[in-house]
Structures are given as structure tokens and as C-alpha cells.
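J.: Handing over input_19.csv, CSV, C-alpha atoms (C1' of nucleotides).
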```
chain,number,residue,atom,x,y,z
A,3,MET,CA,28.7,84.3,191.6
A,4,ILE,CA,29.4,80.6,191.3
A,5,LYS,CA,28.2,79.1,188.0
A,6,LEU,CA,26.9,75.6,187.9
A,7,ASP,CA,26.5,73.6,184.7
A,8,THR,CA,23.9,70.9,184.0
A,9,ILE,CA,25.9,68.1,185.5
A,10,ASP,CA,26.5,70.1,188.8
A,11,ARG,CA,22.8,70.7,189.0
A,12,GLN,CA,22.0,67.0,188.4
A,13,LEU,CA,24.5,66.0,191.0
A,14,LEU,CA,23.0,68.4,193.5
A,15,THR,CA,19.6,67.0,192.8
A,16,TYR,CA,20.7,63.4,193.3
A,17,LEU,CA,22.6,64.1,196.5
A,18,GLN,CA,19.8,66.1,198.0
A,19,LYS,CA,17.6,63.1,197.4
A,20,ASP,CA,20.1,60.5,198.6
A,21,ALA,CA,23.4,61.4,199.9
A,22,LYS,CA,24.4,57.7,200.1
A,23,LYS,CA,24.6,57.3,196.4
A,24,THR,CA,28.1,56.2,195.5
A,25,THR,CA,30.3,58.0,193.0
A,26,LYS,CA,30.2,54.8,191.0
A,27,GLU,CA,26.4,55.0,190.7
A,28,LEU,CA,26.4,58.7,190.0
A,29,ALA,CA,29.1,58.2,187.4
A,30,LEU,CA,26.9,55.7,185.7
A,31,VAL,CA,23.8,57.8,185.4
A,32,LEU,CA,25.8,60.9,184.5
A,33,ASP,CA,27.9,59.1,182.0
A,34,LEU,CA,31.2,60.3,183.6
A,35,SER,CA,34.2,58.7,185.2
A,36,ASN,CA,34.4,58.0,188.9
A,37,THR,CA,37.0,60.7,189.3
A,38,ALA,CA,35.1,63.3,187.5
A,39,VAL,CA,32.1,62.8,189.8
A,40,TYR,CA,34.3,62.7,192.8
A,41,GLU,CA,36.1,65.9,191.9
A,42,ARG,CA,32.8,67.7,191.2
A,43,ILE,CA,31.4,66.8,194.5
A,44,LYS,CA,34.5,67.9,196.3
A,45,LYS,CA,34.4,71.2,194.5
A,46,LEU,CA,30.7,71.7,195.5
A,47,GLU,CA,31.8,71.0,199.1
A,48,ARG,CA,34.8,73.4,198.9
A,49,GLN,CA,32.5,76.1,197.5
A,50,LYS,CA,30.2,75.5,200.4
A,51,ILE,CA,27.3,74.9,198.0
A,52,ILE,CA,26.9,71.6,199.7
A,53,THR,CA,26.9,72.7,203.3
A,54,ASN,CA,26.6,69.3,205.0
A,55,TYR,CA,25.1,65.8,204.9
A,56,VAL,CA,22.5,64.8,207.4
A,57,ALA,CA,20.3,61.8,208.3
A,58,LEU,CA,16.6,62.6,208.3
A,59,ILE,CA,14.4,60.9,210.9
A,60,ASP,CA,10.8,60.0,211.2
A,61,LYS,CA,9.1,62.5,213.6
A,62,GLU,CA,6.3,60.1,214.4
A,63,LYS,CA,8.8,57.4,215.5
A,64,VAL,CA,10.5,59.6,218.0
A,65,GLU,CA,7.6,61.1,219.8
A,66,LYS,CA,7.5,64.4,217.9
A,67,SER,CA,4.2,64.0,216.1
A,68,PHE,CA,2.8,67.3,216.9
A,69,MET,CA,3.8,70.4,214.8
A,70,VAL,CA,2.9,73.9,215.7
A,71,LEU,CA,3.6,77.1,213.9
A,72,CYS,CA,3.8,79.8,216.5
A,73,GLN,CA,3.8,83.5,215.6
A,74,VAL,CA,5.4,85.8,218.1
A,75,LYS,CA,5.1,89.6,218.6
A,76,LEU,CA,7.6,91.4,220.6
A,77,SER,CA,6.3,94.0,223.2
A,78,GLN,CA,8.6,96.6,221.8
A,79,HIS,CA,10.9,96.6,218.8
A,80,VAL,CA,14.0,97.7,220.7
A,81,LYS,CA,17.3,96.1,219.8
A,82,ASN,CA,17.7,94.5,223.2
A,83,ASN,CA,14.4,92.6,222.8
A,84,ILE,CA,15.3,91.4,219.4
A,85,VAL,CA,18.8,90.2,220.3
A,86,GLN,CA,17.5,88.5,223.5
A,87,PHE,CA,14.6,86.8,221.8
A,88,GLU,CA,16.7,85.4,219.0
A,89,ARG,CA,19.4,84.2,221.3
A,90,GLU,CA,17.0,82.4,223.5
A,91,VAL,CA,15.1,80.8,220.6
A,92,LEU,CA,18.4,79.3,219.3
A,93,LYS,CA,18.6,77.3,222.5
A,94,LEU,CA,15.2,75.8,222.3
A,95,GLU,CA,15.5,72.3,220.8
A,96,GLU,CA,11.8,72.2,220.2
A,97,VAL,CA,12.1,75.1,217.7
A,98,LEU,CA,13.4,73.8,214.4
A,99,GLU,CA,13.0,77.0,212.5
A,100,CYS,CA,12.6,80.6,213.4
A,101,TYR,CA,12.1,83.4,210.9
A,102,HIS,CA,11.9,87.2,211.4
A,103,ILE,CA,9.0,88.1,209.1
A,104,SER,CA,6.9,90.9,207.7
A,105,GLY,CA,3.3,91.3,208.7
A,106,ASP,CA,1.3,91.4,211.9
A,107,TYR,CA,3.8,89.3,213.9
A,108,ASP,CA,7.5,89.6,214.2
A,109,TYR,CA,8.5,86.0,214.2
A,110,ILE,CA,7.2,82.6,213.1
A,111,LEU,CA,8.5,79.5,214.7
A,112,LYS,CA,8.2,75.9,213.6
A,113,ILE,CA,7.9,73.7,216.7
A,114,LEU,CA,8.1,69.9,216.9
A,115,ILE,CA,6.8,68.4,220.1
A,116,LYS,CA,5.1,65.3,221.5
A,117,ASN,CA,1.6,66.4,221.9
A,118,MET,CA,-0.7,69.3,222.9
A,119,ASP,CA,0.0,68.9,226.6
A,120,ALA,CA,3.7,69.1,226.0
A,121,TYR,CA,3.1,72.1,223.8
A,122,ARG,CA,1.2,74.0,226.5
A,123,LYS,CA,4.0,73.3,228.9
A,124,PHE,CA,6.6,74.4,226.4
A,125,LEU,CA,4.6,77.6,225.7
A,126,ILE,CA,4.2,78.5,229.4
A,127,GLU,CA,7.6,77.4,230.7
A,128,LYS,CA,10.0,77.9,227.8
A,129,LEU,CA,8.7,80.2,225.2
A,130,THR,CA,6.7,83.0,226.9
A,131,VAL,CA,9.3,83.3,229.7
A,132,ILE,CA,11.6,85.0,227.3
A,133,SER,CA,11.6,88.6,228.1
A,134,GLY,CA,10.3,91.1,225.6
A,135,ILE,CA,7.6,88.8,224.1
A,136,GLY,CA,4.3,90.7,223.7
A,137,SER,CA,1.9,88.0,222.3
A,138,THR,CA,1.9,84.7,220.6
A,139,GLN,CA,-0.5,82.9,218.2
A,140,SER,CA,-0.4,79.2,217.6
A,141,MET,CA,-1.3,77.5,214.3
A,142,PHE,CA,-1.6,73.8,214.7
A,143,VAL,CA,-0.6,71.5,211.9
A,144,ILE,CA,-3.5,69.3,211.0
A,145,LYS,CA,-1.7,67.6,208.1
A,146,GLU,CA,1.8,67.7,206.7
A,147,VAL,CA,1.0,67.9,203.0
A,148,LYS,CA,4.6,68.4,201.8
A,149,ASN,CA,8.0,68.6,203.5
A,150,THR,CA,11.1,68.4,201.5
A,151,THR,CA,14.7,69.6,201.8
A,152,LEU,CA,15.2,69.5,198.0
A,153,ILE,CA,16.0,72.9,196.5
A,154,VAL,CA,15.9,72.8,192.8
A,155,SER,CA,18.8,74.9,191.5
B,252,MET,CA,6.2,51.7,219.9
B,253,ILE,CA,9.9,51.4,219.2
B,254,LYS,CA,12.1,52.0,222.1
B,255,LEU,CA,15.4,53.6,221.8
B,256,ASP,CA,18.2,53.5,224.4
B,257,THR,CA,20.7,56.2,225.1
B,258,ILE,CA,23.1,55.0,222.5
B,259,ASP,CA,20.5,55.0,219.8
B,260,ARG,CA,19.6,58.5,220.7
B,261,GLN,CA,23.2,59.6,220.6
B,262,LEU,CA,23.7,57.9,217.3
B,263,LEU,CA,20.7,59.7,215.9
B,264,THR,CA,21.9,63.0,217.1
B,265,TYR,CA,25.4,62.5,215.5
B,266,LEU,CA,24.0,61.3,212.2
B,267,GLN,CA,21.4,64.1,212.1
B,268,LYS,CA,24.3,66.5,212.4
B,269,ASP,CA,26.8,64.8,210.1
B,270,ALA,CA,25.8,61.7,208.1
B,271,LYS,CA,29.3,61.3,206.8
B,272,LYS,CA,30.7,60.3,210.2
B,273,THR,CA,32.2,56.8,209.8
B,274,THR,CA,31.3,53.9,212.0
B,275,LYS,CA,34.8,54.0,213.2
B,276,GLU,CA,34.5,57.5,214.5
B,277,LEU,CA,31.1,56.8,216.0
B,278,ALA,CA,32.4,53.6,217.6
B,279,LEU,CA,35.2,55.7,219.2
B,280,VAL,CA,33.0,58.3,220.8
B,281,LEU,CA,30.3,55.8,221.8
B,282,ASP,CA,32.9,53.4,223.1
B,283,LEU,CA,31.5,50.5,221.1
B,284,SER,CA,32.9,48.2,218.4
B,285,ASN,CA,32.6,49.0,214.7
B,286,THR,CA,30.1,46.2,214.3
B,287,ALA,CA,27.9,47.3,217.1
B,288,VAL,CA,27.6,50.8,215.7
B,289,TYR,CA,27.0,49.4,212.2
B,290,GLU,CA,24.3,47.0,213.3
B,291,ARG,CA,22.5,49.7,215.3
B,292,ILE,CA,22.5,52.1,212.4
B,293,LYS,CA,21.2,49.3,210.1
B,294,LYS,CA,18.4,48.6,212.6
B,295,LEU,CA,17.5,52.3,212.8
B,296,GLU,CA,17.3,52.2,209.0
B,297,ARG,CA,15.2,49.0,208.9
B,298,GLN,CA,12.8,50.5,211.4
B,299,LYS,CA,12.5,53.5,209.2
B,300,ILE,CA,13.5,55.8,212.1
B,301,ILE,CA,16.2,57.0,209.8
B,302,THR,CA,14.2,57.7,206.7
B,303,ASN,CA,17.0,58.9,204.4
B,304,TYR,CA,20.3,60.7,204.1
B,305,VAL,CA,20.5,64.0,202.2
B,306,ALA,CA,22.9,66.7,201.2
B,307,LEU,CA,21.9,70.1,202.3
B,308,ILE,CA,22.8,73.0,200.1
B,309,ASP,CA,23.2,76.7,200.6
B,310,LYS,CA,20.1,78.6,199.3
B,311,GLU,CA,22.0,81.8,198.7
B,312,LYS,CA,24.5,80.1,196.4
B,313,VAL,CA,21.8,78.6,194.1
B,314,GLU,CA,19.7,81.7,193.6
B,315,LYS,CA,17.1,80.9,196.2
B,316,SER,CA,17.7,83.7,198.7
B,317,PHE,CA,14.2,84.8,199.0
B,318,MET,CA,11.9,82.9,201.4
B,319,VAL,CA,8.2,83.5,201.7
B,320,LEU,CA,5.6,82.0,204.0
B,321,CYS,CA,2.3,82.1,202.1
B,322,GLN,CA,-1.0,81.4,203.8
B,323,VAL,CA,-3.8,80.1,201.6
B,324,LYS,CA,-7.5,80.1,202.1
B,325,LEU,CA,-9.7,77.9,199.9
B,326,SER,CA,-12.9,79.4,198.5
B,327,GLN,CA,-14.9,76.5,199.8
B,328,HIS,CA,-14.0,73.6,202.0
B,329,VAL,CA,-15.2,70.9,199.7
B,330,LYS,CA,-13.3,67.7,199.2
B,331,ASN,CA,-12.5,68.4,195.6
B,332,ASN,CA,-10.9,71.7,196.4
B,333,ILE,CA,-8.8,70.2,199.1
B,334,VAL,CA,-7.6,67.2,197.0
B,335,GLN,CA,-7.0,69.4,194.0
B,336,PHE,CA,-5.0,72.0,195.9
B,337,GLU,CA,-2.8,69.5,197.7
B,338,ARG,CA,-2.1,67.6,194.5
B,339,GLU,CA,-1.0,70.7,192.7
B,340,VAL,CA,1.1,72.0,195.5
B,341,LEU,CA,3.1,68.8,195.5
B,342,LYS,CA,4.1,69.6,192.0
B,343,LEU,CA,5.5,73.0,192.7
B,344,GLU,CA,9.2,72.8,193.2
B,345,GLU,CA,9.3,76.3,194.8
B,346,VAL,CA,7.1,75.0,197.6
B,347,LEU,CA,9.4,73.1,200.1
B,348,GLU,CA,6.7,72.7,202.8
B,349,CYS,CA,3.0,72.8,202.9
B,350,TYR,CA,0.9,72.3,206.0
B,351,HIS,CA,-2.9,72.1,206.5
B,352,ILE,CA,-3.4,74.3,209.6
B,353,SER,CA,-5.9,75.6,212.1
B,354,GLY,CA,-6.7,79.2,212.2
B,355,ASP,CA,-7.8,81.9,209.7
B,356,TYR,CA,-6.2,80.3,206.8
B,357,ASP,CA,-6.3,76.7,205.6
B,358,TYR,CA,-2.7,76.2,204.5
B,359,ILE,CA,0.7,77.7,205.0
B,360,LEU,CA,3.5,77.2,202.4
B,361,LYS,CA,7.2,77.7,202.7
B,362,ILE,CA,8.4,79.0,199.4
B,363,LEU,CA,12.0,79.4,198.2
B,364,ILE,CA,12.6,81.5,195.2
B,365,LYS,CA,15.1,83.9,193.6
B,366,ASN,CA,13.7,87.3,194.5
B,367,MET,CA,10.5,89.3,194.8
B,368,ASP,CA,9.9,89.6,191.0
B,369,ALA,CA,10.1,85.8,190.7
B,370,TYR,CA,7.8,85.5,193.6
B,371,ARG,CA,5.2,87.8,192.0
B,372,LYS,CA,5.4,85.7,188.9
B,373,PHE,CA,5.1,82.5,190.9
B,374,LEU,CA,2.1,83.8,192.7
B,375,ILE,CA,0.3,84.9,189.6
B,376,GLU,CA,1.2,82.1,187.2
B,377,LYS,CA,1.7,79.1,189.4
B,378,LEU,CA,0.0,79.3,192.7
B,379,THR,CA,-3.2,81.3,192.3
B,380,VAL,CA,-4.0,79.5,189.0
B,381,ILE,CA,-4.9,76.4,191.2
B,382,SER,CA,-8.7,76.2,191.2
B,383,GLY,CA,-10.4,76.5,194.6
B,384,ILE,CA,-8.1,79.1,196.1
B,385,GLY,CA,-9.9,81.9,197.8
B,386,SER,CA,-7.2,84.2,199.0
B,387,THR,CA,-3.6,84.3,199.9
B,388,GLN,CA,-1.4,86.3,202.3
B,389,SER,CA,2.3,86.4,202.0
B,390,MET,CA,4.7,86.8,204.9
B,391,PHE,CA,8.2,87.7,203.7
B,392,VAL,CA,11.2,86.4,205.6
B,393,ILE,CA,13.4,89.3,206.7
B,394,LYS,CA,15.9,87.0,208.5
B,395,GLU,CA,16.4,83.3,209.0
B,396,VAL,CA,17.1,83.2,212.7
B,397,LYS,CA,17.2,79.4,213.0
B,398,ASN,CA,16.8,76.5,210.5
B,399,THR,CA,17.8,73.0,211.5
B,400,THR,CA,16.7,69.5,210.6
B,401,LEU,CA,17.9,68.1,214.0
B,402,ILE,CA,15.1,66.5,216.0
B,403,VAL,CA,16.2,65.8,219.5
B,404,SER,CA,14.7,62.4,220.4
C,170,DT,C1',42.8,82.3,164.8
C,171,DT,C1',46.6,80.0,167.5
C,172,DA,C1',49.3,79.3,171.6
C,173,DT,C1',49.1,78.8,176.4
C,174,DA,C1',47.4,78.0,180.8
C,175,DA,C1',44.0,76.1,183.7
C,176,DT,C1',40.4,72.9,184.3
C,177,DT,C1',38.4,68.7,183.8
C,178,DC,C1',38.5,64.0,183.0
C,179,DA,C1',39.8,58.9,182.5
C,180,DG,C1',42.0,54.8,184.2
C,181,DA,C1',44.9,52.6,187.4
C,182,DA,C1',46.7,52.2,192.1
C,183,DT,C1',46.1,52.8,196.9
C,184,DA,C1',43.9,53.8,201.3
C,185,DA,C1',39.9,53.7,203.9
C,186,DA,C1',35.4,52.4,204.9
C,187,DA,C1',31.5,49.4,204.8
C,188,DT,C1',29.9,44.9,205.1
C,189,DT,C1',30.0,40.0,206.3
C,190,DC,C1',31.2,36.2,209.2
C,191,DT,C1',32.0,33.5,213.5
C,192,DA,C1',32.3,33.2,218.1
C,193,DT,C1',31.2,35.2,222.5
C,194,DT,C1',28.7,37.9,225.7
C,195,DT,C1',24.8,40.2,227.4
C,196,DT,C1',19.9,40.6,227.9
C,197,DA,C1',15.2,39.1,228.4
C,198,DA,C1',11.7,35.8,229.1
C,199,DT,C1',10.2,31.5,231.0
D,56,DA,C1',18.2,29.1,237.0
D,57,DT,C1',17.7,27.9,232.0
D,58,DT,C1',17.1,28.9,227.5
D,59,DA,C1',16.4,31.7,223.4
D,60,DA,C1',17.2,36.0,221.3
D,61,DA,C1',19.7,40.0,220.7
D,62,DA,C1',23.9,42.6,220.9
D,63,DT,C1',28.8,42.8,220.7
D,64,DA,C1',33.8,42.1,219.5
D,65,DG,C1',37.4,41.0,216.3
D,66,DA,C1',39.0,39.3,212.1
D,67,DA,C1',38.3,38.7,207.1
D,68,DT,C1',36.4,40.4,202.9
D,69,DT,C1',34.2,43.5,199.8
D,70,DT,C1',33.2,47.9,198.3
D,71,DT,C1',34.0,52.6,198.1
D,72,DA,C1',36.6,56.8,198.6
D,73,DT,C1',40.8,58.9,197.6
D,74,DT,C1',45.1,59.8,195.3
D,75,DC,C1',48.0,59.9,191.3
D,76,DT,C1',49.5,60.4,186.5
D,77,DG,C1',48.7,61.6,182.1
D,78,DA,C1',45.4,62.9,178.4
D,79,DA,C1',41.6,65.7,176.8
D,80,DT,C1',38.9,69.7,177.0
D,81,DT,C1',37.9,74.4,177.8
D,82,DA,C1',38.9,79.1,178.5
D,83,DT,C1',42.0,83.0,177.8
D,84,DA,C1',45.2,86.1,175.8
D,85,DA,C1',48.2,87.3,172.0
```
Mind turning the file's structure into C-alpha cells?

T.:
Amino acid sequence: MIKLDTIDRQLLTYLQKDAKKTTKELALVLDLSNTAVYERIKKLERQKIITNYVALIDKEKVEKSFMVLCQVKLSQHVKNNIVQFEREVLKLEEVLECYHISGDYDYILKILIKNMDAYRKFLIEKLTVISGIGSTQSMFVIKEVKNTTLIVS
Amino acid sequence: MIKLDTIDRQLLTYLQKDAKKTTKELALVLDLSNTAVYERIKKLERQKIITNYVALIDKEKVEKSFMVLCQVKLSQHVKNNIVQFEREVLKLEEVLECYHISGDYDYILKILIKNMDAYRKFLIEKLTVISGIGSTQSMFVIKEVKNTTLIVS
DNA sequence: TTATAATTCAGAATAAAATTCTATTTTAAT
DNA sequence: ATTAAAATAGAATTTTATTCTGAATTATAA
């Protein structure tokens, strides 16, 4: 197990909030030298604790205002259905997240799409055409109350 | 409505995958000058299409291997309960996402935590102490099949 | 505890990237 | 077709990232 000290955790918190912070700025708030901060970040990257850096974009501004959480039940829990479903879901760009879960349904999918019409089309033409799907249930997002990528370590 | 051309979309795709790509690299693949790429990115930032840049970290490596999707039903749908619940949820660092949804339950929460014991503790001591909560139902994530922040525009 | 090795850190030097500037070209509207 | 606005290219400048060397700190073993 990798052990992180307080400074590492602070660094991770800052970088998860704003990856554009310069080593200089971080060095200032952490009361360290430029190099110390730089080396720590590089180590976190080498250890794959920081996996990557990404730009986040505004869903509303790119015609993806409609979010649906769709639960999926497979017709039968045979290996082939599972493998096939998971493989196909990976290909669907509308599906941002997919989890195999406990409970009444097998999977839950987070889907981002333009609107209800587009969702209906997606459901009929892209999702339910995957073989092995038994049933689906859609939960429509009325309001995004919270959505962060910040994991407090 | 802001209109994006093909180059803007390509830029967004690249930056959503790797925010550390330099303008030089992007200029090369997009067959544009350094300045052109730079100005386009700055414009996307000004327009708040790009909202921010973040570091993503490996959940497993920071003791957050356990993911739960928890559905919450309020006891009564009065304004005060709604406001209060949403305000409290924002404060909980274990809750990465919270959506007000249609269906049997009012909210669904994505929770990241160390393990089942920690989740039980969280449920008892942090979540269900919020006033106005009627019932909860937890769906445990068996396997993360897909999880991306990439929105294809 | 002390000696030793391995990390971590600081400060300076260098390399690379971001940012600015000016002039030119392209695009869009009249 | 004419004009204004926006987008682009290339060079110059500023800032940041990266490397390097040596010192300080920490961890480990005798």
C-alpha cells in the first residue's frame, strides 16, 4: 500500500480542483520549493495515483442537457450475455458510466444526451438492440444537485 | 447558442482525454498554428464551454475502492425537506454525485468510500441523520464497467 | 544510539511551453 | 463588391516545467 503524507493529500486536493495550478503557486501555499512540489507530483504520476489530467466541459453548452440513469436487467445471467453487454456498452458514447450492481437490476448506466426524443431513439436503436437484455428502467434526472470528481483522500 | 466547428470539437475531445497536451502538439495534429490553437482554447474557456481542468486519481490507491449508489426517499415533499437535504448532501465528501430523479425514489447518490464497514457508519452517522429522509436503498457496485468524463459534442 | 543509505529538498541553470504582438488572411455581413 | 470582424501565422517575449548539483532530512540497520 502506498502511503501519502499530508502534503501529498493537499497536493491531490489542489490538483483535483485545478490541474492548471503551477508548481510555483503550489509551492507557495504548501511552503515548499518548486522542485519539491514538482518531484512530488511526478511521483504521484509514476505511482499512478494521478491517472490523468482532463478538461471538463459544460454539458448544457454542447447539447447534452438531458441525463438519464438507466437500469438494465439481462435476460439470463450467462457469461456470454454479460461479456457481450459490457463490450457493447463500452462503445456507446452516450453512456458515460456503467456499473454492475447488486439489487433488482444488473446494471445501471449514466447517459448524457440532447433531449427526451434523442433518448427514446438511443434506447430503441442503440441500447435495447444489444442481445441478452431483458428489461430496462429509466430514471430521469430532474436536477443535478452535486457532481464532482474530487475524491478526498 | 454557441456554435462549434469541427476543429473546436476535435480540440474538446483531445483536451477531455488529456489536458496536458501542449498547443504545439495540438497544432500539429490539427494542422494549425500554435496561436490559432491557443486562441481557440482561450475562447472555449471564456465561453465557459471548458469549465475547468482537473487531475483524476485512482480510487483504489486512496482507499476509496467501494462504490455505492444510494437511493433516497424524503418523508414528505415539502420545500424545507428538499432544501435541507440538498444542502446537507453538498457537504458530504463521500457523495460525489447527487441527482434529483423521477421514479420511486427522490434522489440517487454516488458514494465513494473505503469499504462496507465505513459505508454502514456513513449511512448511520452521516446520511440518515439528515432530517426529512424517509427511506434509503443501497445498490452496491460489483464492477465498474465504464467510467469516463468524456462528453462527445 | 550512531553510521549509512535512501529520500527529499533547495536554489540555480536550462529547456520548453504559454502568452503576447504585429501583420496578414479569411470570413461574414452589408 | 466593400467593409468590419474574426481567425490565423510567425516571431518575440514571458512564464513555466524540467534538469542538475549539492545539502538536509528521514529511515534503516548495526

J.: Between CA of Ile43 in chain A and C1' of DA185 in chain C, what is the distance, to one decimal in Å?

T.: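 Calculated distance between CA of Ile43 in chain A and C1' of DA185 in chain C is 18.2 Å.
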
J.: Which residues come within 10 Å of range 171-182 of chain C, counting all atoms listed in the file, excluding same-chain residues fewer than 3 positions away, as a list in words?

T.: Leu34, Ser35, Asn36, Thr37, Ala38, Val39, Glu41 and Arg42 of chain A; DT74, DC75, DT76, DG77, DA78, DA79, DT80, DT81, DA82, DT83, DA84 and DA85 of chain D

J.: Could you jot down the CA of Leu262 in chain B to CA of Glu296 in chain B separation for me, Å, one decimal place?

T.: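 CA of Leu262 in chain B sits 11.9 Å away from CA of Glu296 in chain B.
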
J.: Could you please determine the separation between CA of Ser353 in chain B and CA of Glu62 in chain A in Å, to one decimal place?

T.: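 Separating CA of Ser353 in chain B from CA of Glu62 in chain A is a distance of 19.9 Å.
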
J.: Define the interface residues of chain D facing chain B as those within 9 Å, counting only C-alpha atoms (C1' of nucleotides), and report them as a count of residues only.

T.: 4

J.: Could you check the closest approach to chain C for each of B:Glu339, B:Glu276, B:Glu345, B:Asp368 and tell me which residue wins, using all atoms listed in the file?

T.: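 Closest residue, counting all atoms listed in the file: B:Glu276.
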
J.: Skip DA184 in chain C itself and residues of its chain fewer than 3 positions away, then list as a ChimeraX atom specification all residues within 12 Å of it, counting all atoms listed in the file.

T.: /D:71-74

J.: Excluding same-chain residues fewer than 6 positions from DA59 in chain D, what lies within 12 Å of it counting all atoms listed in the file, as a ChimeraX atom specification?

T.: /C:196-199

J.: If the cut-off is 6 Å, can you tell me the residues of chain B near chain A, counting only C-alpha atoms? I'd like them as an MDAnalysis selection string.

T.: chainID B and resid 266:270 300:309 313 347:353 390:399 404

J.: Residues of chain C near chain B: apply a cut-off of 10 Å, count all atoms listed in the file, and supply the list as number ranges by chain.

T.: C: 186-188

J.: Those residues with C-alpha atoms (C1' of nucleotides), as a compact mmCIF listing (two decimals), keeping the file's coordinate frame please?

T.:
```txt
# COMPACT_ATOMS: atom_id res chain seq x y z
C1' DA C 186 35.40 52.40 204.90
C1' DA C 187 31.50 49.40 204.80
C1' DT C 188 29.90 44.90 205.10
```

J.: Would you mind putting N, CA and C atoms back on range 13-27 of chain A and writing the result as an mmCIF file, in the coordinates of the input?

T.:
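Final output, saved to rebuild_24.cif:
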```
data_model
loop_
_atom_site.group_PDB
_atom_site.id
_atom_site.type_symbol
_atom_site.label_atom_id
_atom_site.label_comp_id
_atom_site.auth_asym_id
_atom_site.auth_seq_id
_atom_site.Cartn_x
_atom_site.Cartn_y
_atom_site.Cartn_z
ATOM 1 N N LEU A 13 23.867 66.571 189.814
ATOM 2 C CA LEU A 13 24.500 66.000 191.000
ATOM 3 C C LEU A 13 23.875 66.490 192.263
ATOM 4 N N LEU A 14 23.645 67.795 192.341
ATOM 5 C CA LEU A 14 23.000 68.400 193.500
ATOM 6 C C LEU A 14 21.629 67.761 193.755
ATOM 7 N N THR A 15 20.910 67.569 192.684
ATOM 8 C CA THR A 15 19.600 67.000 192.800
ATOM 9 C C THR A 15 19.665 65.548 193.356
ATOM 10 N N TYR A 16 20.563 64.757 192.791
ATOM 11 C CA TYR A 16 20.700 63.400 193.300
ATOM 12 C C TYR A 16 21.123 63.353 194.753
ATOM 13 N N LEU A 17 22.105 64.165 195.085
ATOM 14 C CA LEU A 17 22.600 64.100 196.500
ATOM 15 C C LEU A 17 21.666 64.691 197.481
ATOM 16 N N GLN A 18 20.832 65.621 197.040
ATOM 17 C CA GLN A 18 19.800 66.100 198.000
ATOM 18 C C GLN A 18 18.716 65.104 198.203
ATOM 19 N N LYS A 19 18.567 64.180 197.266
ATOM 20 C CA LYS A 19 17.600 63.100 197.400
ATOM 21 C C LYS A 19 18.153 61.938 198.197
ATOM 22 N N ASP A 20 19.412 61.633 197.913
ATOM 23 C CA ASP A 20 20.100 60.500 198.600
ATOM 24 C C ASP A 20 21.564 60.670 198.605
ATOM 25 N N ALA A 21 22.011 61.079 199.762
ATOM 26 C CA ALA A 21 23.400 61.400 199.900
ATOM 27 C C ALA A 21 24.288 60.123 199.985
ATOM 28 N N LYS A 22 23.658 58.965 200.042
ATOM 29 C CA LYS A 22 24.400 57.700 200.100
ATOM 30 C C LYS A 22 24.738 57.150 198.740
ATOM 31 N N LYS A 23 24.275 57.795 197.702
ATOM 32 C CA LYS A 23 24.600 57.300 196.400
ATOM 33 C C LYS A 23 26.143 57.353 196.216
ATOM 34 N N THR A 24 26.679 56.276 195.692
ATOM 35 C CA THR A 24 28.100 56.200 195.500
ATOM 36 C C THR A 24 28.564 56.929 194.261
ATOM 37 N N THR A 25 29.823 57.317 194.228
ATOM 38 C CA THR A 25 30.300 58.000 193.000
ATOM 39 C C THR A 25 30.186 57.088 191.816
ATOM 40 N N LYS A 26 30.302 55.815 192.045
ATOM 41 C CA LYS A 26 30.200 54.800 191.000
ATOM 42 C C LYS A 26 28.747 54.905 190.360
ATOM 43 N N GLU A 27 27.747 54.884 191.220
ATOM 44 C CA GLU A 27 26.400 55.000 190.700
ATOM 45 C C GLU A 27 26.117 56.287 190.014
#
```
